[in-house]
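> Below is the file work_32.cif, with mmCIF, C-alpha atoms.
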```
data_model
#
loop_
_atom_site.label_atom_id
_atom_site.label_comp_id
_atom_site.auth_asym_id
_atom_site.auth_seq_id
_atom_site.Cartn_x
_atom_site.Cartn_y
_atom_site.Cartn_z
CA MET A 668 30.25 88.28 -56.64
CA HIS A 669 26.60 89.26 -56.29
CA PHE A 670 25.55 90.85 -53.01
CA VAL A 671 21.93 90.69 -51.83
CA TYR A 672 20.39 92.74 -49.01
CA ASP A 673 16.93 93.48 -47.62
CA GLY A 674 16.28 96.63 -49.69
CA SER A 675 16.63 99.17 -46.87
CA PHE A 676 19.20 101.96 -46.80
CA ASP A 677 20.63 100.52 -43.59
CA GLY A 678 20.92 97.23 -45.43
CA LEU A 679 22.84 98.85 -48.26
CA LEU A 680 25.27 100.54 -45.85
CA THR A 681 25.81 97.21 -44.09
CA THR A 682 26.46 95.60 -47.47
CA LEU A 683 29.05 98.25 -48.35
CA ARG A 684 30.91 97.43 -45.14
CA ALA A 685 30.87 93.72 -46.07
CA ILE A 686 32.20 94.46 -49.56
CA TRP A 687 35.06 96.56 -48.22
CA ALA A 688 35.84 93.98 -45.53
CA THR A 689 36.08 91.10 -48.02
CA ARG A 690 37.77 93.23 -50.71
CA ALA A 691 35.49 91.53 -53.25
CA GLU A 692 34.58 93.42 -56.39
CA PRO A 693 30.77 93.34 -56.64
CA LEU A 694 29.22 92.40 -59.97
CA ALA A 695 25.82 93.45 -58.66
CA ILE A 696 24.16 94.70 -55.47
CA ARG A 697 20.47 93.91 -55.37
CA PRO A 698 17.57 93.90 -52.88
CA THR A 699 16.11 90.47 -52.17
CA ASN A 700 12.98 91.17 -54.22
CA GLY A 701 15.01 92.21 -57.25
CA ALA A 702 17.93 89.79 -57.17
CA GLN A 703 18.60 87.99 -60.45
CA ASN A 704 21.77 85.98 -60.08
CA GLY A 705 23.79 84.75 -63.00
CA LEU A 706 24.11 81.04 -63.63
CA PHE A 707 27.64 80.83 -62.26
CA ALA A 708 27.70 83.92 -60.02
CA GLU A 709 28.51 83.52 -56.36
CA THR A 710 25.89 85.18 -54.17
CA SER A 711 26.32 86.58 -50.67
CA TYR A 712 23.30 87.66 -48.60
CA ILE A 713 24.13 90.41 -46.10
CA ALA A 714 21.94 90.74 -43.01
CA THR A 715 21.18 94.31 -42.00
CA ASP A 716 22.88 95.65 -38.87
CA PRO A 717 21.64 99.14 -37.87
CA ASP A 718 24.72 99.77 -35.69
CA VAL A 719 27.08 98.95 -38.55
CA ALA A 720 24.99 101.09 -40.90
CA ALA A 721 25.18 104.08 -38.56
CA GLU A 722 28.94 103.67 -38.23
CA VAL A 723 29.40 103.45 -42.02
CA TRP A 724 27.22 106.53 -42.55
CA GLN A 725 29.32 108.55 -40.14
CA ASN A 726 32.64 107.24 -41.50
CA LEU A 727 31.69 108.31 -45.03
CA ARG A 728 32.44 111.87 -43.92
CA ARG A 729 36.12 110.99 -44.19
CA TRP A 730 35.70 110.73 -47.97
CA VAL A 731 32.68 112.83 -48.95
CA ASP A 732 30.92 115.86 -47.47
CA ASP A 733 27.33 115.96 -46.23
CA ALA A 734 25.99 117.30 -49.54
CA VAL A 735 27.41 114.28 -51.37
CA ARG A 736 26.08 111.89 -48.72
CA GLN A 737 22.62 113.37 -49.24
CA ARG A 738 23.03 113.08 -53.00
CA LEU A 739 23.91 109.41 -52.70
CA TYR A 740 20.85 108.86 -50.49
CA HIS A 741 18.77 110.43 -53.27
CA VAL A 742 20.32 107.98 -55.74
CA PHE A 743 19.18 105.13 -53.49
CA LEU A 744 15.63 106.51 -53.40
CA ALA A 745 15.61 106.91 -57.20
CA GLU A 746 15.35 103.11 -57.48
CA ALA A 747 17.30 102.85 -60.72
CA PRO A 748 18.22 99.24 -61.58
CA ASP A 749 21.88 99.82 -60.71
CA SER A 750 21.51 102.46 -57.96
CA GLU A 751 23.34 100.42 -55.35
CA LEU A 752 26.28 99.63 -57.60
CA LEU A 753 26.42 103.26 -58.68
CA ILE A 754 26.68 104.39 -55.03
CA TYR A 755 29.46 101.88 -54.42
CA GLN A 756 31.36 103.01 -57.52
CA TYR A 757 31.10 106.68 -56.55
CA LEU A 758 32.40 105.99 -53.07
CA GLN A 759 35.24 103.87 -54.44
CA ARG A 760 36.30 106.78 -56.63
CA ALA A 761 36.14 109.16 -53.65
CA ILE A 762 38.23 106.81 -51.49
CA THR A 763 40.78 106.27 -54.27
CA ALA A 764 40.99 110.05 -54.70
CA GLY A 765 41.75 110.41 -50.99
CA GLY A 766 38.57 112.35 -50.26
CA ARG A 767 39.05 114.85 -53.07
CA ASP A 768 35.77 116.48 -54.10
CA LEU A 769 34.51 114.72 -57.23
CA SER A 770 31.17 116.49 -57.46
CA GLU A 771 32.25 118.76 -60.32
CA ASP A 772 33.90 116.01 -62.38
CA TYR A 773 31.12 115.82 -64.97
CA LEU A 774 33.34 113.95 -67.46
CA ASP A 775 33.06 110.93 -65.18
CA ASP A 776 29.98 108.85 -66.08
CA THR A 777 29.46 107.78 -62.46
CA VAL A 778 29.53 111.35 -61.12
CA ARG A 779 27.25 112.54 -63.90
CA ARG A 780 24.67 109.81 -63.28
CA VAL A 781 24.67 110.51 -59.54
CA HIS A 782 23.85 114.15 -60.27
CA THR A 783 21.13 113.18 -62.77
CA LEU A 784 19.35 110.79 -60.42
CA SER A 785 19.64 113.23 -57.51
CA ARG A 786 18.06 115.99 -59.60
CA THR A 787 15.24 113.61 -60.53
CA LEU A 788 14.48 113.16 -56.82
CA GLY A 789 14.65 116.91 -56.26
CA ARG A 790 12.14 117.64 -59.02
CA GLU A 791 9.74 114.96 -57.81
CA LYS A 792 10.00 116.22 -54.22
CA HIS A 793 9.31 119.82 -55.26
CA ARG A 794 6.29 118.86 -57.36
CA PHE A 795 4.65 116.69 -54.72
CA GLU A 796 5.16 119.39 -52.10
CA ALA A 797 3.16 121.69 -54.38
CA PHE A 798 0.60 119.32 -55.89
CA VAL A 799 -0.63 117.09 -53.04
CA ARG A 800 -4.24 117.78 -52.03
CA PHE A 801 -5.54 116.24 -48.79
CA GLU A 802 -9.09 115.04 -48.18
CA GLU A 803 -10.65 114.89 -44.74
CA ALA A 804 -12.08 111.62 -43.45
CA ALA A 805 -15.01 111.38 -41.06
CA ASP A 806 -12.69 110.81 -38.09
CA GLY A 807 -10.69 113.96 -38.82
CA LEU A 808 -7.72 112.30 -40.53
CA PHE A 809 -6.49 114.17 -43.63
CA HIS A 810 -5.22 111.73 -46.24
CA ALA A 811 -3.82 111.71 -49.76
CA THR A 812 -2.61 109.01 -52.13
CA VAL A 813 0.56 109.66 -54.12
CA ASN A 814 1.76 107.38 -56.92
CA CYS A 815 5.40 108.46 -57.09
CA HIS A 816 7.72 107.49 -59.93
CA VAL A 817 10.53 107.35 -57.38
CA ASN A 818 10.60 106.69 -53.63
CA VAL A 819 10.16 110.33 -52.62
CA LEU A 820 8.05 109.99 -49.45
CA PRO A 821 10.97 110.13 -46.97
CA LEU A 822 11.99 113.50 -48.42
CA LEU A 823 8.48 114.95 -48.02
CA ALA A 824 8.30 114.50 -44.24
CA PRO A 825 9.94 117.81 -43.17
CA HIS A 826 7.77 119.93 -45.49
CA PHE A 827 4.39 118.45 -44.57
CA THR A 828 5.22 118.14 -40.87
CA ALA A 829 6.00 121.86 -40.71
CA ARG A 830 3.10 122.94 -42.89
CA TYR A 831 0.36 120.79 -41.32
CA ALA A 832 1.53 120.60 -37.72
CA ASP A 833 -1.96 121.25 -36.32
CA GLN A 834 -3.73 118.22 -37.80
CA ARG A 835 -3.32 114.49 -38.26
CA TRP A 836 -2.49 113.42 -41.79
CA LEU A 837 -1.44 110.43 -43.85
CA LEU A 838 0.40 110.36 -47.20
CA PHE A 839 0.21 106.90 -48.74
CA ASP A 840 2.19 105.38 -51.62
CA PRO A 841 0.24 102.31 -52.86
CA ALA A 842 3.03 101.16 -55.20
CA ARG A 843 5.43 100.76 -52.27
CA HIS A 844 2.76 99.87 -49.72
CA TYR A 845 3.75 102.34 -47.03
CA GLY A 846 3.00 105.90 -46.00
CA LEU A 847 3.95 108.92 -43.91
CA TYR A 848 1.75 109.37 -40.86
CA TYR A 849 1.70 112.43 -38.58
CA ASP A 850 -0.17 111.91 -35.29
CA GLY A 851 -0.03 115.52 -34.13
CA HIS A 852 3.35 115.10 -32.45
CA ARG A 853 5.75 113.36 -34.81
CA THR A 854 5.93 111.87 -38.30
CA ARG A 855 6.80 108.26 -38.96
CA LEU A 856 6.78 105.69 -41.76
CA VAL A 857 3.88 103.24 -41.47
CA THR A 858 2.23 100.39 -43.35
CA PRO A 859 -1.57 100.28 -43.81
CA ASP A 860 -2.05 97.81 -40.95
CA ALA A 861 0.35 99.53 -38.56
CA ASP A 862 -0.87 99.61 -34.96
CA VAL A 863 0.28 103.22 -34.55
CA VAL A 864 -2.29 104.28 -37.16
CA GLN A 865 -5.14 102.02 -36.07
CA GLN A 866 -4.87 103.10 -32.45
CA THR A 867 -5.51 106.73 -33.32
CA THR A 868 -8.18 106.35 -36.01
CA ALA A 869 -11.71 105.03 -35.94
CA ARG A 870 -10.84 102.18 -38.35
CA PRO A 871 -7.88 100.53 -40.09
CA ILE A 872 -6.35 102.40 -43.03
CA PRO A 873 -6.90 100.33 -46.20
CA THR A 874 -4.36 100.32 -49.01
CA THR A 875 -6.71 102.26 -51.28
CA LEU A 876 -7.55 104.87 -48.63
CA ALA A 877 -11.21 104.32 -49.46
CA THR A 878 -12.21 105.98 -46.22
CA LEU A 879 -15.54 107.40 -45.23
CA ALA A 880 -15.32 111.02 -46.28
CA ASP A 881 -16.37 113.90 -44.08
CA PRO A 882 -19.84 115.10 -45.20
CA GLN A 883 -18.46 118.62 -45.73
CA GLU A 884 -15.57 117.45 -47.97
CA PRO A 885 -17.50 117.70 -51.30
CA ILE A 886 -18.45 121.28 -50.39
CA TYR A 887 -14.86 122.29 -49.71
CA GLN A 888 -13.73 120.71 -52.96
CA HIS A 889 -16.45 122.49 -54.92
CA LEU A 890 -15.54 125.83 -53.34
CA TRP A 891 -11.88 125.32 -54.29
CA ARG A 892 -12.79 124.45 -57.90
CA THR A 893 -15.02 127.50 -58.08
CA TYR A 894 -12.25 129.74 -56.77
CA TYR A 895 -9.77 128.27 -59.25
CA GLN A 896 -12.13 128.82 -62.18
CA ASN A 897 -12.86 132.41 -61.18
CA VAL A 898 -9.23 133.50 -60.82
CA ASP A 899 -8.40 132.02 -64.23
CA ILE A 900 -7.79 134.64 -66.94
CA ALA A 901 -8.89 133.13 -70.25
CA ALA A 902 -6.96 135.64 -72.37
CA ARG A 903 -3.67 134.62 -70.74
CA ARG A 904 -4.03 130.84 -71.07
CA ASN A 905 -0.99 129.03 -72.44
CA PRO A 906 -1.76 125.27 -72.46
CA LYS A 907 1.76 124.22 -73.53
CA LEU A 908 3.44 126.22 -70.79
CA HIS A 909 0.83 125.06 -68.27
CA LYS A 910 1.50 121.38 -69.04
CA ARG A 911 5.25 121.94 -68.96
CA ASN A 912 5.06 123.41 -65.44
CA LEU A 913 2.26 121.09 -64.33
CA PRO A 914 2.69 117.71 -66.11
CA LEU A 915 -0.47 115.75 -66.83
CA ARG A 916 0.51 112.88 -64.54
CA TYR A 917 0.08 115.14 -61.51
CA TRP A 918 -3.44 116.29 -62.41
CA ARG A 919 -4.99 113.29 -60.67
CA TYR A 920 -3.91 114.77 -57.30
CA LEU A 921 -5.34 118.26 -57.89
CA THR A 922 -8.86 118.99 -56.72
CA GLU A 923 -9.17 121.85 -59.22
CA LYS A 924 -8.58 119.43 -62.12
CA GLN A 925 -11.29 116.97 -61.14
CA PRO A 926 -14.75 117.12 -62.73
CA GLY A 927 -17.76 116.95 -60.50
CA PRO A 928 -21.23 118.46 -60.11
CA PRO A 929 -21.63 121.11 -57.40
CA PRO A 930 -23.04 119.77 -54.14
CA LEU A 931 -26.38 120.96 -52.83
CA LEU A 932 -24.84 123.84 -50.93
CA ALA A 933 -28.10 125.33 -49.70
CA ARG A 934 -29.09 122.04 -48.12
CA GLN A 935 -25.70 121.07 -46.69
CA ILE A 936 -24.25 124.29 -45.29
CA PRO A 937 -25.81 125.08 -41.91
CA PRO A 938 -27.31 128.56 -41.59
CA ARG A 939 -25.09 131.18 -40.02
CA ALA A 940 -26.02 132.04 -36.46
CA ALA A 941 -27.67 135.44 -36.00
#
```
Here is the file; what I need is its structure written in the form of C-alpha cells.

Amino acid sequence: MHFVYDGSFDGLLTTLRAIWATRAEPLAIRPTNGAQNGLFAETSYIATDPDVAAEVWQNLRRWVDDAVRQRLYHVFLAEAPDSELLIYQYLQRAITAGGRDLSEDYLDDTVRRVHTLSRTLGREKHRFEAFVRFEEAADGLFHATVNCHVNVLPLLAPHFTARYADQRWLLFDPARHYGLYYDGHRTRLVTPDADVVQQTTARPIPTTLATLADPQEPIYQHLWRTYYQNVDIAARRNPKLHKRNLPLRYWRYLTEKQPGPPPLLARQIPPRAA
C-alpha cells in the first residue's frame, strides 16, 4: 500500500500511527506533492492530527532514545526520496529488537543510511551558521537568503536566536518558500505573505527579499571586504584547502567574496561630532 500525507513532520508521525494500526506493510510513504502511485497500488491518504503526532513522538521513547529521535528528524529534513520509508524501517527494526540500541549496527543498510543523512544535515547546519551574512533593510530588518540543499532552516533557529537576540531578522529559503523570522521576542516559521511579518515591517516581504536597503549598508559591506583583504596573508594562501573548508556554493552568501566598487565614503559617512 502507498501512504500519502501532507509533507509535514506531524503528518509523517500521524501516518506512522496509521500504518501500525492497520498492520499494512507500506510500499511507499510520500508527501502529496511528491506522490507517484503505481498503476495497481492501493493508496491511502492520511490526514494530519497534531495530537496523534505528539503522542507518537513521545511513545517513540519506548523504542529509541532522544538522540535517535533527533537523528530520525534529521533524516526527514534531508528530503531524500525515500526518507519517510527509511524512518519507518528503522523504527520497525527498533521495535522488533525490543528497544535495543541499533545506532552502532553499521552493517545494517538502514542504520547506516540514517547516520549518513543525519551527518549531511549536521554539516549543512554548521556551514550555514558560519556563512550566513545579513543585510539591513531601510526599516531595520536584517535579512538573508539561503538556498539550502536540504531543509536545514528549523535547525538554525536556536543558533541565530541566541546570537542575534537584540535585532529583528529574517532567514528565507526561496526553494521551500518559507523562512525563519525573529521579531525581537521569539522565532517562528513564516511564509513571505505572513501577517506576523507584515505587521512589524514597513512593507510585505517578497520572495526574492528585494527590499530597500539601508543607505549605510554598502558602506558596511565595503568596510568588511576591506578588513578581510587586509588580514589575508598572501604567502599562506592554500586555494585547495580553502575551497575544501569553504565550498564554492557558499560563496554567494559571503560579503567578503562579492565584487563591488567602494562607496563614496567621504560623501556618505557623516562627520564625527567635535
> Give as a list in words the residues that the PyMOL selection byres ((chain A and resi 792) around 10) matches when applied to the coordinates above.
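Expected selection for the PyMOL selection byres ((chain A and resi 792) around 10) here is Arg786, Thr787, Leu788, Gly789, Arg790, Glu791, His793, Arg794, Phe795, Glu796, Ala797, Cys815, Val817, Asn818, Val819, Leu820, Pro821, Leu822, Leu823 and His826 of chain A.
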> CA of Glu751 in chain A and CA of Ser785 in chain A, how far apart in Å?
13.5 Å
> Have a look at CA of Tyr712 in chain A and CA of Leu753 in chain A and let me know their distance in Å, one decimal.
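These two atoms are separated by 18.8 Å.
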> Restricting the calculation to all atoms listed in the file: of A:Leu915, A:Leu683, A:Val719, A:Leu694, which residue gets closest to Leu758 in chain A?
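Looking at the shortest contact to Leu758 in chain A, the residue is A:Leu683.
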> Between A:Ala832, A:Ile713, A:Val857, A:Val742, which has the minimum distance to Ile686 in chain A (counting all atoms listed in the file)?
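Of all the options, A:Ile713 lies closest to Ile686 in chain A.
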> Using all atoms listed in the file, which of A:Ala764, A:Leu679, A:Ala824, A:Val735 sits nearest Thr699 in chain A?
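Between A:Ala764, A:Leu679, A:Ala824, A:Val735, the residue approaching Thr699 in chain A most closely is A:Leu679.
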> Selected by the PyMOL selection byres ((chain A and resi 780) around 12) in the shown coordinates: which residues, as a PyMOL selection string?
chain A and resi 738-739+741-742+745+747+749-750+752-754+756-757+770+772-779+781-787
> Mind pulling up the distance from CA of Phe801 in chain A to CA of Asp850 in chain A?
15.2 Å
> Pick the closest to Val799 in chain A from A:Leu921, A:Thr763, A:Tyr831, A:Asp677: which is it, counting all atoms listed in the file?
A:Leu921
> Using the chain letters and residue numbers of this document, give as a PyMOL selection string the residues selected by the PyMOL selection byres ((chain A and resi 837) around 7).
chain A and resi 809-811+836+838-839+846-849
> Of the candidates A:Phe798, A:Arg843, A:Arg697, A:Thr858, which one gets nearest to Pro914 in chain A if we count only C-alpha atoms?
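Ranked by minimum distance to Pro914 in chain A, first place goes to A:Phe798.
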> Which polymer residues have any atom within 10 Å of an atom of Asn700 in chain A, counting only C-alpha atoms, with same-chain residues fewer than 6 positions away left out, as an NGL selection string?
:A and (671-674)
> Closest to Thr710 in chain A among A:Met668, A:Ala761, A:Val731, A:Ala901, using only C-alpha atoms?
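Comparing A:Met668, A:Ala761, A:Val731, A:Ala901 against Thr710 in chain A, the winner is A:Met668.
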